[in-house]
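Just below is one structure, and these are the notes that go with it.
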Amino acid sequence: MKKSTIIKTLGIITAFSIAIPSAGILAKNALQSSASEYSITQTEEASELSNSISDNNAIYASGNSADTANNSLGDSADVIPGDLPENNPSDGLPGNPPDGNPPEGNPPDGMPGDPPEGNPPDKMPGGKGGQPGPGGSSSSVTYDASEIITSDTTETGKSISSDTADVSALIVSGSTVTEDGINISKTGSSEGGDNCNFYGQNAAVLAKDGAVLYISNADIYSNASGANGVFSYGGNGGKNGASGDGTTVYISDSTITTEGNGSGGIMTTGGGTTYATNLTITTSGQSSAAIRTDRGGGTVTVDGGTYTTNGLGSPAVYSTADITVKNANLISNLSEGVVIEGKNTVTLENVNLTANNTKTNGNATHYDTIFLYQSMSGDADSGTSVFTMNGGTLTSLNGEVFHVTNTNAVINLKCVEIINKDSDNTLLTVTNDGWSGADNIATLNADSQKLAGSIIVSNSAVKDDNNSKLTLNLTNNSVFEGSINTTESDKGTVDVSIDESSAWKLTADSYVSSISGTGTIDYNGYTLYVGDTAYTSENPLSGFKSGTVTASTSSEITFKNVTKTFKAATLETTKKSYSVIKDSNGETVSTVKYYGSSSDYITVSSKGMVTVKKGTPAGTYKVRIKVTASDGSVTKKTIKIKVK
């Protein structure tokens, strides 16, 4: 292939132009919802659990009356017709570029030179293990691309390709660029190692030097090593915790497919920023997370879409940054679902996550779905790793649901349906693994949450090495049905707190260091050891209530279309209708209430049929509905409808 490096201006269009319509991503959220009841010695007032999508926790103490905790998303912001919002990445298509001109002159492409000598480190983001990398900076990276844009421009329906190693298809540098309907193809593997991982060399699309890049309705494909799909490099040279240079990527309603190793879907490093809306990302290679970050971190916000990985060491999300994912499907077919390294965060809101971690990578010796650790490679600062999940479903097909090693970690769960299909039914392990240099410390905060399975907090084989600790907090009608450290040997430190509304049902003898609160303990025929003292139903722990704790069944409400996209032209001659909900039990939903003022364009029937009428103008419409299932459980959800 003949390479060309071009300063793009308006009016220059490639020979091949492909317009790709956006069908929208139908993010399908299965949301467990039921009336949550818990009763102790007195009847309490019903409490509202605000901003919760579902409450799947129902427990009962024998001989007492019940109180109910319901969900609420509020009854406002219901139907918002009109044009698509400007410069609002969370609502789909990008708007107008921000005001102002880019700095004068062309940004440097970097000093030419060869990549660092030697092989890249074993540890690559999306995987685990290995030693610190050689470091370096972006000034030693040689950037090249089939097309380099350094001037503000807007383009529609163009095609760009590169089949040469270390040559991207498109680089946007120091300018504000809008690309609608772009078609990108990248082949040509790189041996650049950190140059690809940290700085974006060989990426299919790279934004750098303070660029602001808007991409919509794109089809991006790479089949090469080190060829990330869309890369946002913030320019801080890989300095963890440092701010970037303003490089920001907004990408919506697009498809990204990568097949090579070290080739993530969307990649953010060096303090860059990425906003992604309604993407379909599929990766197949090793160390190729769908939502991927590396040294220098940054900020990533994802709303809607489906993100699937198939390779070794390729979780759906790998975080050395601050990452938030909402209303999306995350699927990992070989690796963990989410990995957080060091002092970084992942927040999932109304997400359906499924992982089948069946092959270990790097130094790992555990199979797990949510993995929080510190590799000591230098790619992430040491500190507290934080995983937060509100609503949605977390399905673990193999291994432990949560695993914490060599770091301080906080796990926050609220109204999450956890489905553990592993035969060992292990909820959490806090223990040594294949990395060293720090203790294994975890805090699990359960808020309106049902937990089940065994918890293992284990020290190393050296019995005086008390390096594993867990704090378990059960609050707001939470219930834990499981065991903690079923044997006394090499057990770590475990402190448990159970508030008055919550409960623990033992499923085996359990050993903890301390326990506090006034909740309910169902000994269930087993013994609870607190320090050196044994407690049973015949000799219960003072200050706690005793009773029988059981989980109730409930209907599952599936929202079949969370986001729906139409073309305005198709609405000129006909109306469009579609169902947004169904009851998993096959029963008719009792009621569907449509919140907000009436709309001339969008209606919702009592059976959950949304109708977009003829002549509906282009715009984004938000429909908020309340569903009462046949068992009385309530779910509220916002449905987004786009008309282009």
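Every chain in the structure tokens has a letter given in the order shown (A, B, ...), and although residue numbers restart at 1 in each chain, ligands are simply numbered from 1 in the order shown.
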- Please identify all polymer residues within 6 Å of Thr277 (chain A), counting only C-alpha atoms, omitting same-chain residues fewer than 3 positions from it, and present them as a ChimeraX atom specification. /A:92,252,302-304
- Task: Please identify all polymer residues within 9 Å of region 395-404 of chain A, counting only C-alpha atoms, omitting same-chain residues fewer than 3 positions from it, and present them as an MDAnalysis selection string.
- Result: chainID A and resid 337 352:358 366:373 407:409 411 417:433 440:442
Saved selection, atoms kept: C-alpha atoms, as a CSV table (one decimal), in the first residue's frame:
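Written out: again_7.csv:
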chain,number,residue,atom,x,y,z
A,337,GLY,CA,-15.6,-9.4,33.3
A,352,ASN,CA,-25.8,-6.7,32.5
A,353,LEU,CA,-22.4,-8.3,32.9
A,354,THR,CA,-21.6,-12.0,32.0
A,355,ALA,CA,-18.1,-13.6,32.3
A,356,ASN,CA,-16.8,-17.1,31.7
A,357,ASN,CA,-13.2,-16.9,33.0
A,358,THR,CA,-11.9,-20.4,32.1
A,366,HIS,CA,-7.7,-17.9,40.4
A,367,TYR,CA,-10.7,-17.9,38.0
A,368,ASP,CA,-12.9,-14.9,38.8
A,369,THR,CA,-15.4,-12.4,37.3
A,370,ILE,CA,-14.5,-9.1,39.1
A,371,PHE,CA,-10.8,-8.9,39.8
A,372,LEU,CA,-9.1,-6.1,41.8
A,373,TYR,CA,-5.3,-6.2,42.1
A,407,THR,CA,-4.2,-4.2,46.9
A,408,ASN,CA,-6.7,-2.3,49.0
A,409,ALA,CA,-10.1,-2.7,47.4
A,411,ILE,CA,-16.7,-3.2,46.5
A,417,GLU,CA,-28.9,-9.5,40.8
A,418,ILE,CA,-25.8,-11.8,41.3
A,419,ILE,CA,-26.0,-15.1,39.5
A,420,ASN,CA,-23.2,-17.5,40.4
A,421,LYS,CA,-23.3,-20.6,38.3
A,422,ASP,CA,-19.9,-22.0,39.5
A,423,SER,CA,-20.4,-25.3,41.4
A,424,ASP,CA,-18.2,-24.1,44.3
A,425,ASN,CA,-20.5,-21.0,44.8
A,426,THR,CA,-17.7,-18.8,46.0
A,427,LEU,CA,-18.7,-15.2,46.3
A,428,LEU,CA,-15.4,-13.5,47.3
A,429,THR,CA,-11.8,-14.4,48.0
A,430,VAL,CA,-9.3,-12.1,49.6
A,431,THR,CA,-6.0,-13.9,49.5
A,432,ASN,CA,-2.6,-14.1,48.0
A,433,ASP,CA,-2.2,-14.8,44.3
A,440,ASN,CA,-4.9,-8.2,50.5
A,441,ILE,CA,-7.4,-5.8,52.0
A,442,ALA,CA,-11.1,-5.5,51.0
- Pick from A:Ile184, A:Val494, A:Ala218, A:Ile331 nearest to Val205 (chain A), counting only C-alpha atoms: A:Ile184
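Counting only C-alpha atoms and comparing A:Glu538, A:Ser489, A:Gly362, A:Ser579, the residue that lies closest to Ser460 (chain A) is A:Ser489.
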- Message: Between CA of Asn240 (chain A) and CA of Ala207 (chain A), what is the distance in Å, rounded to a tenth?
- Response: 19.1 Å
- Give the strand (DSSP E) residues of region 182-425 of chain A, as assigned by DSSP on the backbone, as a PyMOL selection string. chain A and resi 183-187+205-208+212-216+219-223+230-233+248-252+255-258+266-269+272-283+291-293+298-309+317-319+322-326+329-332+338-341+345-349+352-355+368-373+384-390+393-396+400-405+408-414+417-420
Can you write just those residues out, C-alpha atoms, as a tab-separated table (two decimals), in the first residue's frame?
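Contents of part39.tsv, as written:
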chain	number	residue	atom	x	y	z
A	183	ASN	CA	-15.29	3.38	7.39
A	184	ILE	CA	-11.87	2.44	8.84
A	185	SER	CA	-9.77	-0.64	8.09
A	186	LYS	CA	-6.40	-1.34	9.75
A	187	THR	CA	-3.99	-4.22	9.14
A	205	VAL	CA	-7.91	5.79	14.87
A	206	LEU	CA	-5.79	7.98	17.16
A	207	ALA	CA	-6.68	11.33	18.74
A	208	LYS	CA	-3.80	13.24	20.37
A	212	VAL	CA	-11.47	16.82	20.03
A	213	LEU	CA	-12.81	14.05	17.81
A	214	TYR	CA	-16.49	13.32	17.19
A	215	ILE	CA	-17.29	9.98	15.54
A	216	SER	CA	-20.76	8.69	14.73
A	219	ASP	CA	-17.51	0.98	11.08
A	220	ILE	CA	-13.98	0.44	12.43
A	221	TYR	CA	-12.05	-2.79	11.89
A	222	SER	CA	-8.51	-3.86	12.76
A	223	ASN	CA	-6.75	-7.18	12.25
A	230	VAL	CA	-10.15	4.10	18.72
A	231	PHE	CA	-7.38	5.54	20.91
A	232	SER	CA	-7.55	8.71	23.04
A	233	TYR	CA	-4.04	9.73	24.19
A	248	THR	CA	-11.27	13.96	23.98
A	249	VAL	CA	-13.06	11.40	21.83
A	250	TYR	CA	-16.85	11.30	21.48
A	251	ILE	CA	-18.00	8.18	19.65
A	252	SER	CA	-21.59	7.03	19.19
A	255	THR	CA	-19.23	-0.71	15.45
A	256	ILE	CA	-15.63	-1.57	16.39
A	257	THR	CA	-14.14	-5.01	15.67
A	258	THR	CA	-10.54	-5.99	16.49
A	266	ILE	CA	-11.79	1.90	22.82
A	267	MET	CA	-8.44	2.74	24.45
A	268	THR	CA	-7.65	5.68	26.75
A	269	THR	CA	-4.24	6.59	28.21
A	272	GLY	CA	-7.23	11.28	27.81
A	273	THR	CA	-11.03	11.33	27.85
A	274	THR	CA	-13.47	9.10	25.99
A	275	TYR	CA	-17.26	9.30	25.80
A	276	ALA	CA	-18.88	6.30	24.11
A	277	THR	CA	-22.60	5.88	23.38
A	278	ASN	CA	-24.37	2.84	21.93
A	279	LEU	CA	-21.35	1.01	20.55
A	280	THR	CA	-21.05	-2.59	19.43
A	281	ILE	CA	-17.49	-3.69	20.21
A	282	THR	CA	-16.12	-7.20	19.64
A	283	THR	CA	-12.49	-8.19	20.27
A	291	ILE	CA	-13.09	-0.95	27.12
A	292	ARG	CA	-9.38	-0.59	27.72
A	293	THR	CA	-6.99	1.78	29.48
A	298	GLY	CA	-7.89	9.13	32.12
A	299	THR	CA	-11.67	9.23	32.14
A	300	VAL	CA	-14.01	6.92	30.24
A	301	THR	CA	-17.81	7.17	30.19
A	302	VAL	CA	-19.89	4.59	28.32
A	303	ASP	CA	-23.67	4.67	27.90
A	304	GLY	CA	-25.52	1.88	26.11
A	305	GLY	CA	-24.26	-0.75	23.71
A	306	THR	CA	-22.79	-4.25	23.80
A	307	TYR	CA	-19.11	-4.98	24.52
A	308	THR	CA	-17.85	-8.54	23.92
A	309	THR	CA	-14.39	-10.08	24.29
A	317	VAL	CA	-13.38	-3.70	31.03
A	318	TYR	CA	-9.76	-3.19	32.08
A	319	SER	CA	-9.22	-0.15	34.27
A	322	ASP	CA	-11.85	6.13	36.10
A	323	ILE	CA	-14.45	4.22	34.07
A	324	THR	CA	-18.25	4.48	34.22
A	325	VAL	CA	-20.53	2.19	32.20
A	326	LYS	CA	-24.32	2.62	32.10
A	329	ASN	CA	-24.18	-5.34	28.07
A	330	LEU	CA	-20.68	-6.57	29.01
A	331	ILE	CA	-19.70	-10.07	27.89
A	332	SER	CA	-16.38	-11.85	28.40
A	338	VAL	CA	-13.92	-6.43	34.94
A	339	VAL	CA	-10.32	-5.91	36.06
A	340	ILE	CA	-9.20	-2.92	38.13
A	341	GLU	CA	-5.50	-2.36	38.65
A	345	THR	CA	-12.32	2.86	39.66
A	346	VAL	CA	-15.07	1.14	37.70
A	347	THR	CA	-18.73	2.08	38.18
A	348	LEU	CA	-21.49	0.03	36.55
A	349	GLU	CA	-25.07	1.32	36.51
A	352	ASN	CA	-25.79	-6.73	32.45
A	353	LEU	CA	-22.37	-8.35	32.87
A	354	THR	CA	-21.59	-11.99	32.05
A	355	ALA	CA	-18.14	-13.55	32.33
A	368	ASP	CA	-12.85	-14.85	38.78
A	369	THR	CA	-15.36	-12.42	37.31
A	370	ILE	CA	-14.50	-9.14	39.09
A	371	PHE	CA	-10.77	-8.90	39.78
A	372	LEU	CA	-9.11	-6.12	41.83
A	373	TYR	CA	-5.32	-6.23	42.12
A	384	THR	CA	-7.54	1.82	46.75
A	385	SER	CA	-9.30	0.05	43.89
A	386	VAL	CA	-13.05	0.77	43.86
A	387	PHE	CA	-15.72	-1.29	42.11
A	388	THR	CA	-19.29	0.02	42.34
A	389	MET	CA	-22.38	-1.60	40.82
A	390	ASN	CA	-25.93	-0.30	41.07
A	393	THR	CA	-27.17	-8.31	36.66
A	394	LEU	CA	-23.79	-9.86	37.42
A	395	THR	CA	-23.47	-13.40	36.04
A	396	SER	CA	-20.38	-15.44	36.92
A	400	GLU	CA	-15.22	-16.68	42.13
A	401	VAL	CA	-17.50	-13.71	41.65
A	402	PHE	CA	-15.00	-11.32	43.30
A	403	HIS	CA	-11.26	-11.74	43.88
A	404	VAL	CA	-8.98	-9.25	45.68
A	405	THR	CA	-5.21	-9.60	45.91
A	408	ASN	CA	-6.68	-2.32	49.04
A	409	ALA	CA	-10.12	-2.69	47.45
A	410	VAL	CA	-13.65	-1.41	48.07
A	411	ILE	CA	-16.66	-3.21	46.53
A	412	ASN	CA	-20.00	-1.36	46.62
A	413	LEU	CA	-23.15	-3.26	45.62
A	414	LYS	CA	-26.74	-2.02	45.54
A	417	GLU	CA	-28.87	-9.53	40.83
A	418	ILE	CA	-25.84	-11.80	41.30
A	419	ILE	CA	-26.03	-15.12	39.45
A	420	ASN	CA	-23.21	-17.49	40.41
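Each of A:Gly342, A:Gly264, A:Gly229, A:Gly296 was compared to Gly311 (chain A) using only C-alpha atoms, and A:Gly264 turns out to be the nearest.
CA of Glu572 (chain A) lies 14.6 Å from CA of Gly619 (chain A).
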